[in-house]
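> First the structure, then my questions, so here it is.
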Amino acid sequence: MENAELIDRYLDLILEENKTTNLTRIDSKEKARILHIEDSLVALPEVNRAPEGLYGDLGTGGGFPGFPIAVETGRKAILVDSVKKKTAIVERCVDKLGMSDRISTFSGRIEDLAREMPGKFSVLTARALSQLPSLLELASPLLKKGGLFVCYKGEASPEEEEAAKKVAKKVGMTLVSKRSLILSDGETHREIFLYEKTGKPTVKLPRRVGMAQHKPLI
Ligand code: SAM
């Protein structure tokens, strides 16, 4: 099966599951093609700059951007979410499409994954998960040196970006690029922040579960 068809079938399976479990508020296929598939794939150029190796999607929900990115890059992937019901559905859909040898899920908090697999990832993504400072703290301990973190943001405020600069320094991450675009619906604004793991954090990571999101290191 072609990659595009595989991703399209995955979306069908997720929209079917969405009738009984709340995975996404977008229920029309036409809209979902833009807001889930097209949006997931806009960051392919950034993801493709990463060194070879494992890919992880943090707070994957219904598997976006994780599934499309995993298929298009051909990388081994782990899609992470703390809600078991969601990872169970993602796993079922991945299995139905015969992709479970390459794409798996981790059901638990990102902080717990960082304890199990420190420094094991070459590239990470996160969409609609948290503010930049918390995201940087969560991603850093999972990445190997030279690994990349791709953040999908709506429109980050100047305050959020300023706070992210401070936290990036503390967690050994460096901003590589920032790119803004509008999706093909003509109205959805997307910003892609690309960070590289360049050094050692000056604080011990991961901190206790919930700290990154509730008490950022600003
Ligand atoms: N990335 C998907 C998307 O853009 O469609 C889902 C976004 S949803 C708003 C955020 C997801 O992150 C939720 O499914 C939530 O369970 C998960 N999440 C939030 N904090 C988390 C954490 N610390 N560890 C693992 N998952 C987390």
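Every chain in the structure tokens takes a letter, A first, then B, and so on in the order presented; its residues are numbered from 1, and the ligands are numbered from 1 following the presented order.
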Give me the residues within 9 Å of A:Ala168 as a list in words, counting only C-alpha atoms and dropping any in the same chain fewer than 4 places off.

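After dropping sequence-adjacent residues, the list is Pro133, Leu136, Glu137, Ser140, Ala163, Ala164, Gly172, Met173, Thr174, Leu175, Tyr195 and Pro201 of chain A.
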
> Which residues are near ligand 1 in this structure, taking near to mean any atom at most 8 Å from a ligand atom and counting only C-alpha atoms and all ligand atoms? Format them as number ranges by chain.

A: 23-24, 36, 57-66, 80-83, 86, 107-111, 126-130, 138, 209-210, 213

> Using only N, CA and C atoms, please write the residues we just selected to a file, as an mmCIF file, in the first residue's frame.


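Below you can see part-v9.cif, which holds the result:
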data_model
loop_
_atom_site.group_PDB
_atom_site.id
_atom_site.type_symbol
_atom_site.label_atom_id
_atom_site.label_comp_id
_atom_site.auth_asym_id
_atom_site.auth_seq_id
_atom_site.Cartn_x
_atom_site.Cartn_y
_atom_site.Cartn_z
ATOM 1 N N LEU A 23 -11.590 11.164 20.611
ATOM 2 C CA LEU A 23 -10.173 11.285 20.239
ATOM 3 C C LEU A 23 -9.898 12.614 19.570
ATOM 4 N N THR A 24 -10.860 13.084 18.789
ATOM 5 C CA THR A 24 -10.691 14.337 18.065
ATOM 6 C C THR A 24 -12.051 15.020 17.922
ATOM 7 N N HIS A 36 -5.524 17.016 10.351
ATOM 8 C CA HIS A 36 -4.719 15.931 10.927
ATOM 9 C C HIS A 36 -3.609 15.465 9.984
ATOM 10 N N ASP A 57 6.403 10.424 19.355
ATOM 11 C CA ASP A 57 5.405 11.502 19.345
ATOM 12 C C ASP A 57 4.845 11.643 20.756
ATOM 13 N N LEU A 58 5.060 12.803 21.355
ATOM 14 C CA LEU A 58 4.674 13.036 22.753
ATOM 15 C C LEU A 58 3.248 13.558 22.846
ATOM 16 N N GLY A 59 2.408 12.920 23.658
ATOM 17 C CA GLY A 59 1.000 13.327 23.773
ATOM 18 C C GLY A 59 0.287 13.115 22.454
ATOM 19 N N THR A 60 0.363 11.888 21.956
ATOM 20 C CA THR A 60 -0.081 11.590 20.588
ATOM 21 C C THR A 60 -1.600 11.610 20.401
ATOM 22 N N GLY A 61 -2.369 11.447 21.472
ATOM 23 C CA GLY A 61 -3.843 11.435 21.351
ATOM 24 C C GLY A 61 -4.263 10.323 20.394
ATOM 25 N N GLY A 62 -4.907 10.708 19.284
ATOM 26 C CA GLY A 62 -5.336 9.736 18.278
ATOM 27 C C GLY A 62 -4.243 9.395 17.271
ATOM 28 N N GLY A 63 -2.995 9.739 17.588
ATOM 29 C CA GLY A 63 -1.881 9.341 16.706
ATOM 30 C C GLY A 63 -1.425 10.406 15.724
ATOM 31 N N PHE A 64 -1.654 11.686 16.090
ATOM 32 C CA PHE A 64 -1.220 12.783 15.213
ATOM 33 C C PHE A 64 -0.315 13.745 15.984
ATOM 34 N N PRO A 65 0.803 14.122 15.403
ATOM 35 C CA PRO A 65 1.303 13.811 14.060
ATOM 36 C C PRO A 65 2.014 12.463 13.953
ATOM 37 N N GLY A 66 2.007 11.652 15.032
ATOM 38 C CA GLY A 66 2.854 10.471 15.091
ATOM 39 C C GLY A 66 2.704 9.477 13.956
ATOM 40 N N VAL A 80 3.293 8.187 22.265
ATOM 41 C CA VAL A 80 3.179 8.235 23.728
ATOM 42 C C VAL A 80 1.938 8.994 24.174
ATOM 43 N N ASP A 81 1.166 8.387 25.065
ATOM 44 C CA ASP A 81 0.068 9.138 25.691
ATOM 45 C C ASP A 81 -0.228 8.540 27.063
ATOM 46 N N SER A 82 -0.620 9.429 27.989
ATOM 47 C CA SER A 82 -0.871 8.958 29.355
ATOM 48 C C SER A 82 -2.246 8.302 29.480
ATOM 49 N N VAL A 83 -3.107 8.475 28.478
ATOM 50 C CA VAL A 83 -4.462 7.901 28.571
ATOM 51 C C VAL A 83 -4.498 6.540 27.854
ATOM 52 N N LYS A 86 -6.667 5.817 24.836
ATOM 53 C CA LYS A 86 -6.218 6.367 23.551
ATOM 54 C C LYS A 86 -5.119 5.499 22.932
ATOM 55 N N SER A 107 2.014 3.668 26.933
ATOM 56 C CA SER A 107 0.893 4.201 27.689
ATOM 57 C C SER A 107 1.406 4.654 29.050
ATOM 58 N N GLY A 108 1.554 5.950 29.210
ATOM 59 C CA GLY A 108 2.069 6.472 30.477
ATOM 60 C C GLY A 108 2.520 7.900 30.283
ATOM 61 N N ARG A 109 3.041 8.477 31.354
ATOM 62 C CA ARG A 109 3.508 9.862 31.303
ATOM 63 C C ARG A 109 4.863 9.941 30.596
ATOM 64 N N ILE A 110 5.070 11.049 29.925
ATOM 65 C CA ILE A 110 6.338 11.277 29.220
ATOM 66 C C ILE A 110 7.507 11.181 30.211
ATOM 67 N N GLU A 111 7.294 11.715 31.419
ATOM 68 C CA GLU A 111 8.349 11.690 32.438
ATOM 69 C C GLU A 111 8.749 10.241 32.770
ATOM 70 N N ALA A 126 5.696 17.081 19.070
ATOM 71 C CA ALA A 126 4.586 17.297 20.000
ATOM 72 C C ALA A 126 3.656 18.329 19.390
ATOM 73 N N ARG A 127 2.361 17.987 19.357
ATOM 74 C CA ARG A 127 1.360 18.943 18.865
ATOM 75 C C ARG A 127 0.260 19.045 19.914
ATOM 76 N N ALA A 128 -0.147 20.286 20.188
ATOM 77 C CA ALA A 128 -1.259 20.549 21.112
ATOM 78 C C ALA A 128 -1.066 19.872 22.459
ATOM 79 N N LEU A 129 0.150 19.912 22.975
ATOM 80 C CA LEU A 129 0.424 19.223 24.240
ATOM 81 C C LEU A 129 0.592 20.209 25.391
ATOM 82 N N SER A 130 1.414 21.231 25.194
ATOM 83 C CA SER A 130 1.704 22.128 26.315
ATOM 84 C C SER A 130 2.401 23.373 25.798
ATOM 85 N N LEU A 138 10.227 18.366 28.962
ATOM 86 C CA LEU A 138 9.780 16.976 28.799
ATOM 87 C C LEU A 138 10.597 16.247 27.741
ATOM 88 N N VAL A 209 6.659 13.686 38.101
ATOM 89 C CA VAL A 209 5.538 13.743 37.166
ATOM 90 C C VAL A 209 4.676 14.980 37.420
ATOM 91 N N GLY A 210 4.398 15.742 36.374
ATOM 92 C CA GLY A 210 3.513 16.902 36.480
ATOM 93 C C GLY A 210 4.260 18.217 36.683
ATOM 94 N N GLN A 213 4.798 20.590 33.577
ATOM 95 C CA GLN A 213 3.606 21.302 33.108
ATOM 96 C C GLN A 213 3.035 22.275 34.147
#

> Find the spatial neighbours of stretch 39-50 of chain A, counting only C-alpha atoms, within a cut-off of 9 Å - ignore same-chain residues fewer than 6 positions away - and output them as a list of chain:residue names.

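Here the qualifying residues turn out to be A:Arg33, A:Phe64, A:Pro65, A:Gly66, A:Phe67, A:Pro68, A:Ile69, A:Glu72, A:Thr73, A:Ser122, A:Val123, A:Leu124, A:Thr125, A:Arg127, A:Gly146, A:Gly147, A:Leu148, A:Phe149, A:Val150, A:Cys151, A:Tyr152, A:Ser177, A:Leu181, A:Leu183, A:Arg190, A:Ile192, A:Phe193, A:Leu194, A:Glu196.
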
> Create the file for the chosen residues now, containing N, CA and C atoms and written as a short mmCIF file (atom, residue, chain, number, x, y, z; two decimals), in the first residue's frame.


data_model
loop_
_atom_site.label_atom_id
_atom_site.label_comp_id
_atom_site.auth_asym_id
_atom_site.auth_seq_id
_atom_site.Cartn_x
_atom_site.Cartn_y
_atom_site.Cartn_z
N ARG A 33 -8.64 15.57 6.96
CA ARG A 33 -7.52 15.41 6.02
C ARG A 33 -6.57 16.60 6.12
N PHE A 64 -1.65 11.69 16.09
CA PHE A 64 -1.22 12.78 15.21
C PHE A 64 -0.32 13.74 15.98
N PRO A 65 0.80 14.12 15.40
CA PRO A 65 1.30 13.81 14.06
C PRO A 65 2.01 12.46 13.95
N GLY A 66 2.01 11.65 15.03
CA GLY A 66 2.85 10.47 15.09
C GLY A 66 2.70 9.48 13.96
N PHE A 67 1.45 9.07 13.67
CA PHE A 67 1.30 8.03 12.65
C PHE A 67 1.76 8.50 11.27
N PRO A 68 1.25 9.63 10.76
CA PRO A 68 1.71 10.07 9.44
C PRO A 68 3.22 10.28 9.35
N ILE A 69 3.82 10.85 10.39
CA ILE A 69 5.27 11.08 10.36
C ILE A 69 6.03 9.75 10.36
N GLU A 72 5.70 8.21 6.82
CA GLU A 72 6.45 8.93 5.77
C GLU A 72 7.96 8.86 5.96
N THR A 73 8.43 8.78 7.20
CA THR A 73 9.88 8.76 7.42
C THR A 73 10.44 7.33 7.41
N SER A 122 16.07 9.92 18.52
CA SER A 122 16.76 10.82 17.58
C SER A 122 15.89 12.01 17.23
N VAL A 123 14.58 11.79 17.28
CA VAL A 123 13.67 12.89 16.95
C VAL A 123 12.33 12.70 17.66
N LEU A 124 11.79 13.84 18.12
CA LEU A 124 10.51 13.85 18.82
C LEU A 124 9.61 14.92 18.20
N THR A 125 8.30 14.68 18.27
CA THR A 125 7.35 15.73 17.90
C THR A 125 6.36 15.91 19.04
N ARG A 127 2.36 17.99 19.36
CA ARG A 127 1.36 18.94 18.87
C ARG A 127 0.26 19.05 19.91
N GLY A 146 22.38 15.86 19.75
CA GLY A 146 22.22 16.03 18.31
C GLY A 146 20.81 15.67 17.84
N GLY A 147 20.01 15.10 18.74
CA GLY A 147 18.62 14.76 18.41
C GLY A 147 17.77 16.02 18.29
N LEU A 148 16.66 15.90 17.57
CA LEU A 148 15.82 17.08 17.29
C LEU A 148 14.44 16.96 17.92
N PHE A 149 13.91 18.13 18.30
CA PHE A 149 12.55 18.20 18.85
C PHE A 149 11.75 19.18 18.00
N VAL A 150 10.64 18.69 17.43
CA VAL A 150 9.82 19.50 16.53
C VAL A 150 8.50 19.81 17.23
N CYS A 151 8.28 21.10 17.53
CA CYS A 151 7.05 21.52 18.24
C CYS A 151 6.08 22.16 17.26
N TYR A 152 4.86 21.66 17.24
CA TYR A 152 3.78 22.24 16.43
C TYR A 152 3.01 23.20 17.34
N SER A 177 15.40 26.63 14.35
CA SER A 177 14.62 27.40 13.39
C SER A 177 13.17 27.53 13.84
N LEU A 181 3.35 29.04 8.79
CA LEU A 181 2.65 28.75 7.54
C LEU A 181 1.14 28.71 7.78
N LEU A 183 -2.29 26.51 6.61
CA LEU A 183 -2.69 25.25 5.96
C LEU A 183 -3.60 25.54 4.76
N ARG A 190 -0.04 27.79 11.53
CA ARG A 190 0.81 26.82 12.19
C ARG A 190 2.22 27.37 12.34
N ILE A 192 6.12 26.08 13.38
CA ILE A 192 6.95 24.91 13.66
C ILE A 192 8.26 25.39 14.28
N PHE A 193 8.47 25.00 15.53
CA PHE A 193 9.73 25.31 16.23
C PHE A 193 10.60 24.06 16.19
N LEU A 194 11.86 24.25 15.80
CA LEU A 194 12.79 23.13 15.77
C LEU A 194 13.92 23.37 16.77
N GLU A 196 17.36 21.58 18.95
CA GLU A 196 18.34 20.49 18.97
C GLU A 196 18.84 20.29 20.40
#

> Please identify all polymer residues within 12 Å of stretch 89-98 of chain A, counting only C-alpha atoms, omitting same-chain residues fewer than 4 positions from it, and present them as a PyMOL selection string.

chain A and resi 1-3+5-18+20-23+60-64+66-68+70-71+77-81+83-85+102-107

> Using C-alpha atoms, can you export the residues from the last selection as a tab-separated table (two decimals), in the first residue's frame?


chain	number	residue	atom	x	y	z
A	1	MET	CA	0.00	0.00	0.00
A	2	GLU	CA	1.26	3.51	-0.81
A	3	ASN	CA	2.09	5.72	2.19
A	5	GLU	CA	-3.29	5.42	1.21
A	6	LEU	CA	-2.03	3.91	4.47
A	7	ILE	CA	-2.34	7.25	6.24
A	8	ASP	CA	-5.78	7.85	4.74
A	9	ARG	CA	-6.98	4.43	5.93
A	10	TYR	CA	-5.58	5.15	9.39
A	11	LEU	CA	-7.64	8.35	9.49
A	12	ASP	CA	-10.78	6.35	8.54
A	13	LEU	CA	-10.13	3.93	11.40
A	14	ILE	CA	-9.59	6.76	13.89
A	15	LEU	CA	-12.75	8.59	12.76
A	16	GLU	CA	-14.70	5.34	13.19
A	17	GLU	CA	-13.29	4.91	16.72
A	18	ASN	CA	-14.09	8.56	17.39
A	20	THR	CA	-17.53	5.95	20.53
A	21	THR	CA	-14.37	7.42	22.16
A	22	ASN	CA	-13.46	11.07	22.16
A	23	LEU	CA	-10.17	11.28	20.24
A	60	THR	CA	-0.08	11.59	20.59
A	61	GLY	CA	-3.84	11.44	21.35
A	62	GLY	CA	-5.34	9.74	18.28
A	63	GLY	CA	-1.88	9.34	16.71
A	64	PHE	CA	-1.22	12.78	15.21
A	66	GLY	CA	2.85	10.47	15.09
A	67	PHE	CA	1.30	8.03	12.65
A	68	PRO	CA	1.71	10.07	9.44
A	70	ALA	CA	6.24	7.50	11.23
A	71	VAL	CA	4.88	6.21	7.91
A	77	ALA	CA	8.30	4.99	16.26
A	78	ILE	CA	6.80	5.11	19.72
A	79	LEU	CA	3.56	7.07	20.12
A	80	VAL	CA	3.18	8.23	23.73
A	81	ASP	CA	0.07	9.14	25.69
A	83	VAL	CA	-4.46	7.90	28.57
A	84	LYS	CA	-4.56	4.13	28.16
A	85	LYS	CA	-7.86	4.23	26.24
A	102	ARG	CA	7.48	-0.49	13.26
A	103	ILE	CA	5.01	1.62	15.23
A	104	SER	CA	4.27	0.96	18.89
A	105	THR	CA	2.73	2.89	21.76
A	106	PHE	CA	3.77	3.79	25.29
A	107	SER	CA	0.89	4.20	27.69

> Enumerate as number ranges by chain all residues of chain A assigned to strand (DSSP E) by DSSP on the backbone, naming them with the chain letters and numbers the document uses.

A: 55-58, 77-81, 103-107, 121-127, 143-153, 173-182, 189-197

> Would you please work out which residue, of A:Arg75, A:Lys178, A:Arg207, A:Lys153, is nearest to A:Ala139 when using only C-alpha atoms?

A:Arg207

> Pick the closest to A:Gly186 from A:Tyr55, A:Asp101, A:Gly74, A:Ile34: which is it, counting only C-alpha atoms?

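Looking only at the distances to A:Gly186, the closest residue turns out to be A:Ile34.
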
> Would you please extract all alpha helix (DSSP H) residues from stretch 16-86 of chain A, as assigned by DSSP on the backbone, and give them as a list in words?

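Residues meeting the alpha helix (DSSP H) criterion: Glu16, Glu17, Lys29, Glu30, Lys31, Ala32, Asp39, Ser40, Leu41, Leu44, Pro45, Glu46, Val47, Gly66, Phe67, Pro68, Ile69, Ala70, Val71, Glu72, Thr73, Lys84, Lys85 and Lys86 of chain A.
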
> Can you spit out the residues from that selection as an mmCIF file, in the first residue's frame, using N, CA, C and O atoms?


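out-v6.cif, written as the output of this step:
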data_model
loop_
_atom_site.group_PDB
_atom_site.id
_atom_site.type_symbol
_atom_site.label_atom_id
_atom_site.label_comp_id
_atom_site.auth_asym_id
_atom_site.auth_seq_id
_atom_site.Cartn_x
_atom_site.Cartn_y
_atom_site.Cartn_z
ATOM 1 N N GLU A 16 -13.719 6.357 12.796
ATOM 2 C CA GLU A 16 -14.696 5.340 13.186
ATOM 3 C C GLU A 16 -14.659 5.171 14.713
ATOM 4 O O GLU A 16 -15.700 5.178 15.372
ATOM 5 N N GLU A 17 -13.456 5.056 15.269
ATOM 6 C CA GLU A 17 -13.294 4.908 16.725
ATOM 7 C C GLU A 17 -13.817 6.142 17.448
ATOM 8 O O GLU A 17 -14.327 6.067 18.559
ATOM 9 N N LYS A 29 -14.376 14.018 7.388
ATOM 10 C CA LYS A 29 -13.143 13.487 6.772
ATOM 11 C C LYS A 29 -12.392 14.593 6.035
ATOM 12 O O LYS A 29 -11.169 14.687 6.105
ATOM 13 N N GLU A 30 -13.173 15.438 5.363
ATOM 14 C CA GLU A 30 -12.566 16.511 4.568
ATOM 15 C C GLU A 30 -11.702 17.424 5.456
ATOM 16 O O GLU A 30 -10.559 17.727 5.143
ATOM 17 N N LYS A 31 -12.291 17.827 6.597
ATOM 18 C CA LYS A 31 -11.542 18.700 7.520
ATOM 19 C C LYS A 31 -10.376 17.953 8.148
ATOM 20 O O LYS A 31 -9.289 18.507 8.330
ATOM 21 N N ALA A 32 -10.626 16.694 8.500
ATOM 22 C CA ALA A 32 -9.581 15.911 9.181
ATOM 23 C C ALA A 32 -8.383 15.692 8.264
ATOM 24 O O ALA A 32 -7.248 15.620 8.728
ATOM 25 N N ASP A 39 -1.610 18.754 8.283
ATOM 26 C CA ASP A 39 -0.928 19.439 9.381
ATOM 27 C C ASP A 39 0.210 18.590 9.953
ATOM 28 O O ASP A 39 1.303 19.091 10.217
ATOM 29 N N SER A 40 -0.040 17.289 10.130
ATOM 30 C CA SER A 40 1.019 16.415 10.661
ATOM 31 C C SER A 40 2.251 16.459 9.769
ATOM 32 O O SER A 40 3.387 16.493 10.255
ATOM 33 N N LEU A 41 2.016 16.456 8.462
ATOM 34 C CA LEU A 41 3.136 16.298 7.526
ATOM 35 C C LEU A 41 3.862 17.607 7.190
ATOM 36 O O LEU A 41 4.920 17.553 6.555
ATOM 37 N N LEU A 44 7.574 17.624 8.081
ATOM 38 C CA LEU A 44 8.497 16.596 7.560
ATOM 39 C C LEU A 44 9.909 17.142 7.281
ATOM 40 O O LEU A 44 10.893 16.483 7.606
ATOM 41 N N PRO A 45 10.028 18.342 6.670
ATOM 42 C CA PRO A 45 11.386 18.839 6.412
ATOM 43 C C PRO A 45 12.215 18.953 7.694
ATOM 44 O O PRO A 45 13.406 18.624 7.702
ATOM 45 N N GLU A 46 11.587 19.385 8.787
ATOM 46 C CA GLU A 46 12.306 19.507 10.060
ATOM 47 C C GLU A 46 12.661 18.108 10.597
ATOM 48 O O GLU A 46 13.789 17.855 11.010
ATOM 49 N N VAL A 47 11.674 17.198 10.580
ATOM 50 C CA VAL A 47 11.914 15.846 11.104
ATOM 51 C C VAL A 47 13.036 15.172 10.315
ATOM 52 O O VAL A 47 13.897 14.497 10.882
ATOM 53 N N GLY A 66 2.007 11.652 15.032
ATOM 54 C CA GLY A 66 2.854 10.471 15.091
ATOM 55 C C GLY A 66 2.704 9.477 13.956
ATOM 56 O O GLY A 66 3.700 9.067 13.354
ATOM 57 N N PHE A 67 1.449 9.073 13.667
ATOM 58 C CA PHE A 67 1.298 8.027 12.646
ATOM 59 C C PHE A 67 1.756 8.498 11.265
ATOM 60 O O PHE A 67 2.598 7.833 10.638
ATOM 61 N N PRO A 68 1.254 9.633 10.761
ATOM 62 C CA PRO A 68 1.707 10.074 9.436
ATOM 63 C C PRO A 68 3.225 10.275 9.354
ATOM 64 O O PRO A 68 3.856 9.888 8.364
ATOM 65 N N ILE A 69 3.816 10.849 10.393
ATOM 66 C CA ILE A 69 5.269 11.084 10.356
ATOM 67 C C ILE A 69 6.028 9.755 10.365
ATOM 68 O O ILE A 69 6.999 9.571 9.629
ATOM 69 N N ALA A 70 5.559 8.802 11.172
ATOM 70 C CA ALA A 70 6.245 7.497 11.227
ATOM 71 C C ALA A 70 6.184 6.821 9.859
ATOM 72 O O ALA A 70 7.184 6.285 9.376
ATOM 73 N N VAL A 71 5.023 6.865 9.216
ATOM 74 C CA VAL A 71 4.876 6.211 7.914
ATOM 75 C C VAL A 71 5.767 6.893 6.882
ATOM 76 O O VAL A 71 6.522 6.246 6.163
ATOM 77 N N GLU A 72 5.696 8.214 6.823
ATOM 78 C CA GLU A 72 6.450 8.931 5.774
ATOM 79 C C GLU A 72 7.963 8.860 5.962
ATOM 80 O O GLU A 72 8.697 8.889 4.991
ATOM 81 N N THR A 73 8.429 8.780 7.205
ATOM 82 C CA THR A 73 9.884 8.755 7.415
ATOM 83 C C THR A 73 10.437 7.332 7.408
ATOM 84 O O THR A 73 11.645 7.146 7.259
ATOM 85 N N LYS A 84 -4.624 5.515 28.650
ATOM 86 C CA LYS A 84 -4.565 4.130 28.157
ATOM 87 C C LYS A 84 -5.594 3.868 27.048
ATOM 88 O O LYS A 84 -5.315 3.161 26.074
ATOM 89 N N LYS A 85 -6.786 4.444 27.240
ATOM 90 C CA LYS A 85 -7.858 4.231 26.245
ATOM 91 C C LYS A 85 -7.399 4.707 24.859
ATOM 92 O O LYS A 85 -7.694 4.093 23.842
ATOM 93 N N LYS A 86 -6.667 5.817 24.836
ATOM 94 C CA LYS A 86 -6.218 6.367 23.551
ATOM 95 C C LYS A 86 -5.119 5.499 22.932
ATOM 96 O O LYS A 86 -5.191 5.165 21.747
#

> So which one's closest to A:Leu113, A:Leu143, A:Met211, A:Ile218, A:Met99? Using only C-alpha atoms, please.

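With only C-alpha atoms as the atom set, the closest residue is A:Leu143.
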
> Find the distance between atom CA of A:Leu54 and atom CA of A:Lys76 and write it in Å to one decimal.

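Separating atom CA of A:Leu54 from atom CA of A:Lys76 is a distance of 5.4 Å.
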
> Which distance in Å separates atom CA of A:Glu52 and atom CA of A:Ala114, to one decimal?

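These atoms are spaced 19.4 Å apart.
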
> Would you work out the distance separating atom CA of A:Ser28 from atom CA of A:His189, expressed in Å to one decimal?

19.5 Å
